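Engineer: Have a look at this one before I ask anything.
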Amino acid sequence: MNIMKDVAAAPLVVTSTAPRGLSDIHSAGCAASIWSREPSPEFQTWIERLDPEKLPRARVILRPETVREAVTQICEQCGTPRCAERTQLIDDTAALAMIYADLMETSFVRMRLDVVETNACRKFHIDSVTARLICTYRGTGTQYGVAAIGTEPTTVKTVPAGCPVILRGTAWPNPTGTRLVHRSPPIEGTGETRLLLVLDAVTEPEEQTKQATLH
């Protein structure tokens with residue numbers, strides 16, 4: 001395990017080569033935990049070459065144990081071709097939902113499969129959540145750094161594609177006041193298309209948002 005301290009008085013970003021390392025988000029002073037892993041070359045080639053119109057996209061609140069079925073249906077509706085790589089994407093999304101829900105002790109998750117082609121959330125920020133999991137399957141990963149209020153990081157790092165990261169938000173209990181900020185990388189005009197999974201913990205899901213909505 002590699003524990004990196006960005007600057008003096010900065011939060012810790014903990015990187016592990018095993019999924020259990022994501023639990024370090026609960027360690028004192030840790031602002032982000034990253035599971036460092038290598039996607040298979042076959043999967044990465046497939047996802048990078050897939051027609052953006054056929055990438056799965058949805059926003060839904062559901063129980064983590066139903067994510068596999070939900071993502072399968074989303075892929076069908078979006079025209080994502082059936083193949084071993086699609087199955088790998090579905091299985092990985094389902095596994096991350098279960099890991100995240102267990103770490104956050106939540107019975108429901110808000111899942112977003114976002115297809116991004118513009119500068120979405122390009123400003124550095126901290127999310128207004130307890131903690132958020134982000135995994136970029138296609139394109140440039142989430143960027144992060146340490147910054148004082150109202151400023152931008154002088155050093156920016158990028159989470160590699162395929163590596164899940166859990167980031168503490170402003171609603172984390174007993175916040176330490178650390179300033180690890182993050183953003184979606186600015187890609188507008190580059191022709192790049194990103195596909196990312198975003199998971200948030202949900203306490204009381206709204207009935208009208210339990211079903212996937214495509215966009």
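Residues in the structure tokens are named by chain (A, B, ... in the order shown) and by number from 1 within that chain; ligands are numbered from 1 in the order shown.
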Using DSSP on the backbone, list every residue of region 9-213 of chain A that comes out as helix (DSSP H, G or I), and give them as an MDAnalysis selection string.
Structural biologist: chainID A and resid 19:26 41:49 52:54 64:78 84:104 207:209
Engineer: Keeping only C-alpha atoms, write the selected residues as a compact mmCIF listing (two decimals), in the first residue's frame.
Structural biologist:
```
# COMPACT_ATOMS: atom_id res chain seq x y z
CA PRO A 19 -10.40 -3.48 -3.11
CA ARG A 20 -10.25 -3.62 0.69
CA GLY A 21 -8.01 -0.55 0.50
CA LEU A 22 -11.06 1.57 -0.27
CA SER A 23 -12.02 1.17 3.39
CA ASP A 24 -9.19 3.55 4.26
CA ILE A 25 -11.68 6.35 3.58
CA HIS A 26 -12.67 5.75 7.22
CA PRO A 41 -6.43 -4.54 -22.68
CA GLU A 42 -9.40 -6.19 -24.41
CA PHE A 43 -11.90 -4.34 -22.26
CA GLN A 44 -10.18 -0.98 -22.59
CA THR A 45 -9.91 -1.29 -26.37
CA TRP A 46 -13.60 -2.20 -26.60
CA ILE A 47 -14.87 0.61 -24.36
CA GLU A 48 -12.67 3.24 -26.04
CA ARG A 49 -13.81 2.26 -29.54
CA PRO A 52 -20.64 6.97 -27.81
CA GLU A 53 -24.33 6.66 -28.68
CA LYS A 54 -24.20 3.05 -27.42
CA PRO A 64 -27.01 -2.38 -4.48
CA GLU A 65 -27.93 -6.02 -4.96
CA THR A 66 -30.13 -5.06 -7.92
CA VAL A 67 -27.44 -3.09 -9.78
CA ARG A 68 -26.40 -5.98 -12.03
CA GLU A 69 -29.94 -6.46 -13.34
CA ALA A 70 -30.47 -2.70 -13.69
CA VAL A 71 -27.25 -2.10 -15.64
CA THR A 72 -28.05 -5.06 -17.90
CA GLN A 73 -31.40 -3.45 -18.74
CA ILE A 74 -29.74 -0.06 -19.25
CA CYS A 75 -27.23 -1.59 -21.67
CA GLU A 76 -30.07 -3.20 -23.60
CA GLN A 77 -31.99 0.08 -23.84
CA CYS A 78 -28.89 2.02 -24.91
CA ALA A 84 -17.77 -10.52 -22.94
CA GLU A 85 -16.62 -6.92 -22.38
CA ARG A 86 -20.18 -5.72 -21.75
CA THR A 87 -20.59 -8.47 -19.18
CA GLN A 88 -17.34 -7.37 -17.57
CA LEU A 89 -18.63 -3.79 -17.35
CA ILE A 90 -21.91 -4.94 -15.81
CA ASP A 91 -20.20 -7.23 -13.30
CA ASP A 92 -17.71 -4.56 -12.28
CA THR A 93 -20.40 -1.93 -11.76
CA ALA A 94 -22.38 -4.37 -9.61
CA ALA A 95 -19.31 -5.30 -7.55
CA LEU A 96 -18.39 -1.66 -6.92
CA ALA A 97 -21.95 -0.90 -5.81
CA MET A 98 -21.81 -3.72 -3.27
CA ILE A 99 -18.37 -2.66 -1.99
CA TYR A 100 -19.42 0.97 -1.70
CA ALA A 101 -22.74 0.17 0.02
CA ASP A 102 -20.96 -2.02 2.54
CA LEU A 103 -18.38 0.67 3.32
CA MET A 104 -21.04 3.37 3.66
CA GLU A 207 -40.21 6.67 -4.92
CA GLN A 208 -40.31 8.48 -8.25
CA THR A 209 -36.56 8.07 -8.78
```
Engineer: Which residues come within 12 Å of Thr203 (chain A), counting only C-alpha atoms, excluding same-chain residues fewer than 3 positions away, as an mmCIF file with N, CA and C atoms, in the first residue's frame?
Structural biologist:
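The resulting file, part04.cif, is shown below:
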```cif
data_model
loop_
_atom_site.group_PDB
_atom_site.id
_atom_site.type_symbol
_atom_site.label_atom_id
_atom_site.label_comp_id
_atom_site.auth_asym_id
_atom_site.auth_seq_id
_atom_site.Cartn_x
_atom_site.Cartn_y
_atom_site.Cartn_z
ATOM 1 N N ILE A 61 -31.923 5.348 -8.408
ATOM 2 C CA ILE A 61 -31.725 5.003 -7.009
ATOM 3 C C ILE A 61 -32.241 3.584 -6.808
ATOM 4 N N LEU A 62 -31.424 2.727 -6.241
ATOM 5 C CA LEU A 62 -31.802 1.323 -6.117
ATOM 6 C C LEU A 62 -30.968 0.642 -5.046
ATOM 7 N N ARG A 63 -31.384 -0.571 -4.708
ATOM 8 C CA ARG A 63 -30.606 -1.372 -3.767
ATOM 9 C C ARG A 63 -29.362 -1.899 -4.477
ATOM 10 N N ALA A 101 -21.616 0.231 -0.922
ATOM 11 C CA ALA A 101 -22.739 0.175 0.017
ATOM 12 C C ALA A 101 -22.315 -0.416 1.355
ATOM 13 N N MET A 104 -20.239 2.234 3.213
ATOM 14 C CA MET A 104 -21.038 3.366 3.660
ATOM 15 C C MET A 104 -22.222 2.943 4.529
ATOM 16 N N GLU A 105 -22.405 1.628 4.682
ATOM 17 C CA GLU A 105 -23.501 1.079 5.480
ATOM 18 C C GLU A 105 -24.844 1.660 5.038
ATOM 19 N N THR A 106 -25.091 1.580 3.749
ATOM 20 C CA THR A 106 -26.320 2.109 3.181
ATOM 21 C C THR A 106 -27.092 1.014 2.459
ATOM 22 N N SER A 107 -28.423 1.090 2.509
ATOM 23 C CA SER A 107 -29.265 0.094 1.845
ATOM 24 C C SER A 107 -29.623 0.500 0.432
ATOM 25 N N PHE A 108 -29.404 1.776 0.091
ATOM 26 C CA PHE A 108 -29.702 2.268 -1.248
ATOM 27 C C PHE A 108 -28.534 3.109 -1.749
ATOM 28 N N VAL A 109 -28.330 3.064 -3.050
ATOM 29 C CA VAL A 109 -27.319 3.916 -3.675
ATOM 30 C C VAL A 109 -27.946 4.696 -4.819
ATOM 31 N N ARG A 110 -27.450 5.894 -5.021
ATOM 32 C CA ARG A 110 -27.791 6.651 -6.222
ATOM 33 C C ARG A 110 -26.697 6.374 -7.245
ATOM 34 N N VAL A 129 -21.870 15.737 -0.302
ATOM 35 C CA VAL A 129 -22.314 14.389 0.043
ATOM 36 C C VAL A 129 -21.438 13.898 1.194
ATOM 37 N N THR A 130 -21.769 12.716 1.697
ATOM 38 C CA THR A 130 -20.911 12.121 2.723
ATOM 39 C C THR A 130 -19.602 11.645 2.100
ATOM 40 N N ASP A 200 -23.503 7.376 -4.868
ATOM 41 C CA ASP A 200 -23.721 8.124 -3.636
ATOM 42 C C ASP A 200 -24.600 7.298 -2.707
ATOM 43 N N GLU A 206 -36.389 8.526 -2.919
ATOM 44 C CA GLU A 206 -37.674 9.024 -3.387
ATOM 45 C C GLU A 206 -38.295 7.993 -4.323
#
```
Engineer: DSSP on the backbone, strand (DSSP E) only: what residues of region 41-209 of chain A does that give? Format it as a PyMOL selection string.
Structural biologist: chain A and resi 58-62+108-116+131-138+143-146+157-158+165-168+180-183+194-202
Engineer: Filtering to N, CA and C atoms, could you give me those residues as a short mmCIF file (atom, residue, chain, number, x, y, z; two decimals), in the first residue's frame?
Structural biologist:
```cif
data_model
loop_
_atom_site.label_atom_id
_atom_site.label_comp_id
_atom_site.auth_asym_id
_atom_site.auth_seq_id
_atom_site.Cartn_x
_atom_site.Cartn_y
_atom_site.Cartn_z
N ALA A 58 -27.52 6.48 -17.41
CA ALA A 58 -28.72 6.42 -16.58
C ALA A 58 -28.48 7.11 -15.25
N ARG A 59 -29.58 7.47 -14.58
CA ARG A 59 -29.56 7.96 -13.21
C ARG A 59 -30.66 7.20 -12.48
N VAL A 60 -30.31 6.53 -11.40
CA VAL A 60 -31.28 5.67 -10.73
C VAL A 60 -30.91 5.49 -9.26
N ILE A 61 -31.92 5.35 -8.41
CA ILE A 61 -31.72 5.00 -7.01
C ILE A 61 -32.24 3.58 -6.81
N LEU A 62 -31.42 2.73 -6.24
CA LEU A 62 -31.80 1.32 -6.12
C LEU A 62 -30.97 0.64 -5.05
N PHE A 108 -29.40 1.78 0.09
CA PHE A 108 -29.70 2.27 -1.25
C PHE A 108 -28.53 3.11 -1.75
N VAL A 109 -28.33 3.06 -3.05
CA VAL A 109 -27.32 3.92 -3.67
C VAL A 109 -27.95 4.70 -4.82
N ARG A 110 -27.45 5.89 -5.02
CA ARG A 110 -27.79 6.65 -6.22
C ARG A 110 -26.70 6.37 -7.24
N MET A 111 -27.05 5.74 -8.33
CA MET A 111 -26.08 5.37 -9.36
C MET A 111 -26.26 6.22 -10.59
N ARG A 112 -25.15 6.78 -11.07
CA ARG A 112 -25.15 7.50 -12.33
C ARG A 112 -24.14 6.86 -13.26
N LEU A 113 -24.57 6.57 -14.46
CA LEU A 113 -23.66 6.24 -15.53
C LEU A 113 -23.68 7.44 -16.47
N ASP A 114 -22.63 8.21 -16.44
CA ASP A 114 -22.57 9.48 -17.18
C ASP A 114 -21.69 9.35 -18.41
N VAL A 115 -22.21 9.84 -19.52
CA VAL A 115 -21.42 9.97 -20.74
C VAL A 115 -21.12 11.45 -20.90
N VAL A 116 -19.84 11.82 -20.85
CA VAL A 116 -19.44 13.22 -20.80
C VAL A 116 -18.58 13.56 -22.02
N ALA A 131 -19.73 10.78 1.10
CA ALA A 131 -18.57 10.31 0.35
C ALA A 131 -19.08 9.76 -0.98
N ARG A 132 -18.34 9.98 -2.03
CA ARG A 132 -18.76 9.60 -3.38
C ARG A 132 -17.72 8.69 -4.02
N LEU A 133 -18.22 7.63 -4.67
CA LEU A 133 -17.33 6.77 -5.46
C LEU A 133 -17.43 7.17 -6.92
N ILE A 134 -16.28 7.31 -7.56
CA ILE A 134 -16.22 7.61 -8.98
C ILE A 134 -15.27 6.63 -9.64
N CYS A 135 -15.69 6.05 -10.74
CA CYS A 135 -14.82 5.19 -11.53
C CYS A 135 -14.98 5.57 -13.00
N THR A 136 -13.91 6.02 -13.63
CA THR A 136 -13.95 6.40 -15.04
C THR A 136 -13.56 5.20 -15.87
N TYR A 137 -14.50 4.68 -16.64
CA TYR A 137 -14.24 3.51 -17.48
C TYR A 137 -13.63 3.90 -18.82
N ARG A 138 -13.96 5.08 -19.29
CA ARG A 138 -13.46 5.52 -20.59
C ARG A 138 -13.04 6.98 -20.50
N GLN A 143 -9.63 14.40 -11.70
CA GLN A 143 -8.42 15.11 -11.30
C GLN A 143 -8.60 15.67 -9.89
N TYR A 144 -7.52 15.71 -9.12
CA TYR A 144 -7.61 16.18 -7.74
C TYR A 144 -6.33 16.88 -7.31
N GLY A 145 -6.45 17.62 -6.23
CA GLY A 145 -5.31 18.31 -5.67
C GLY A 145 -5.70 18.99 -4.37
N VAL A 146 -4.75 19.62 -3.73
CA VAL A 146 -4.98 20.30 -2.46
C VAL A 146 -4.99 21.81 -2.70
N LYS A 157 -3.31 15.98 -9.88
CA LYS A 157 -3.09 14.58 -10.19
C LYS A 157 -4.35 14.00 -10.81
N THR A 158 -4.21 12.89 -11.53
CA THR A 158 -5.33 12.28 -12.24
C THR A 158 -5.48 10.82 -11.82
N VAL A 165 -12.25 5.58 -7.07
CA VAL A 165 -11.81 6.45 -6.00
C VAL A 165 -13.02 6.84 -5.16
N ILE A 166 -12.87 6.82 -3.85
CA ILE A 166 -13.90 7.32 -2.94
C ILE A 166 -13.38 8.62 -2.34
N LEU A 167 -14.19 9.67 -2.47
CA LEU A 167 -13.81 11.01 -2.01
C LEU A 167 -14.76 11.47 -0.92
N ARG A 168 -14.21 11.92 0.18
CA ARG A 168 -15.05 12.49 1.23
C ARG A 168 -15.70 13.78 0.74
N LEU A 180 -8.96 18.74 0.12
CA LEU A 180 -8.72 17.97 -1.09
C LEU A 180 -9.89 18.23 -2.03
N VAL A 181 -9.62 18.83 -3.17
CA VAL A 181 -10.67 19.17 -4.13
C VAL A 181 -10.48 18.33 -5.39
N HIS A 182 -11.54 18.23 -6.19
CA HIS A 182 -11.45 17.45 -7.41
C HIS A 182 -12.33 18.06 -8.49
N ARG A 183 -12.16 17.58 -9.72
CA ARG A 183 -12.96 18.05 -10.83
C ARG A 183 -12.98 17.01 -11.94
N ARG A 194 -16.04 10.54 -22.30
CA ARG A 194 -15.79 9.83 -21.05
C ARG A 194 -17.03 9.04 -20.64
N LEU A 195 -16.80 7.91 -19.99
CA LEU A 195 -17.87 7.14 -19.36
C LEU A 195 -17.47 6.92 -17.91
N LEU A 196 -18.31 7.40 -16.99
CA LEU A 196 -17.97 7.22 -15.59
C LEU A 196 -19.16 6.73 -14.78
N LEU A 197 -18.83 5.97 -13.76
CA LEU A 197 -19.78 5.50 -12.77
C LEU A 197 -19.65 6.37 -11.54
N VAL A 198 -20.80 6.86 -11.02
CA VAL A 198 -20.82 7.67 -9.81
C VAL A 198 -21.80 7.04 -8.84
N LEU A 199 -21.36 6.81 -7.61
CA LEU A 199 -22.22 6.21 -6.58
C LEU A 199 -22.28 7.12 -5.35
N ASP A 200 -23.50 7.38 -4.87
CA ASP A 200 -23.72 8.12 -3.64
C ASP A 200 -24.60 7.30 -2.71
N ALA A 201 -24.40 7.46 -1.42
CA ALA A 201 -25.25 6.79 -0.44
C ALA A 201 -26.57 7.53 -0.32
N VAL A 202 -27.66 6.79 -0.19
CA VAL A 202 -29.00 7.37 -0.07
C VAL A 202 -29.68 6.77 1.16
#
```
Engineer: Ranking A:Pro185, A:Pro160, A:Gly139, A:Pro153 by minimum distance to Glu38 (chain A) and counting only C-alpha atoms, which one comes first?
Structural biologist: A:Pro160
Engineer: Between A:Ser184, A:Thr151, A:Thr170, A:Thr80, single out the one closest to Thr118 (chain A), counting only C-alpha atoms.
Structural biologist: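 Using only C-alpha atoms, the shortest distance to Thr118 (chain A) belongs to A:Ser184.
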Engineer: So the first atom is CA of Ala171 (chain A) and the second is CA of Asp127 (chain A); what is the distance between them in Å, to one decimal place?
Structural biologist: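 CA of Ala171 (chain A) sits 8.5 Å away from CA of Asp127 (chain A).
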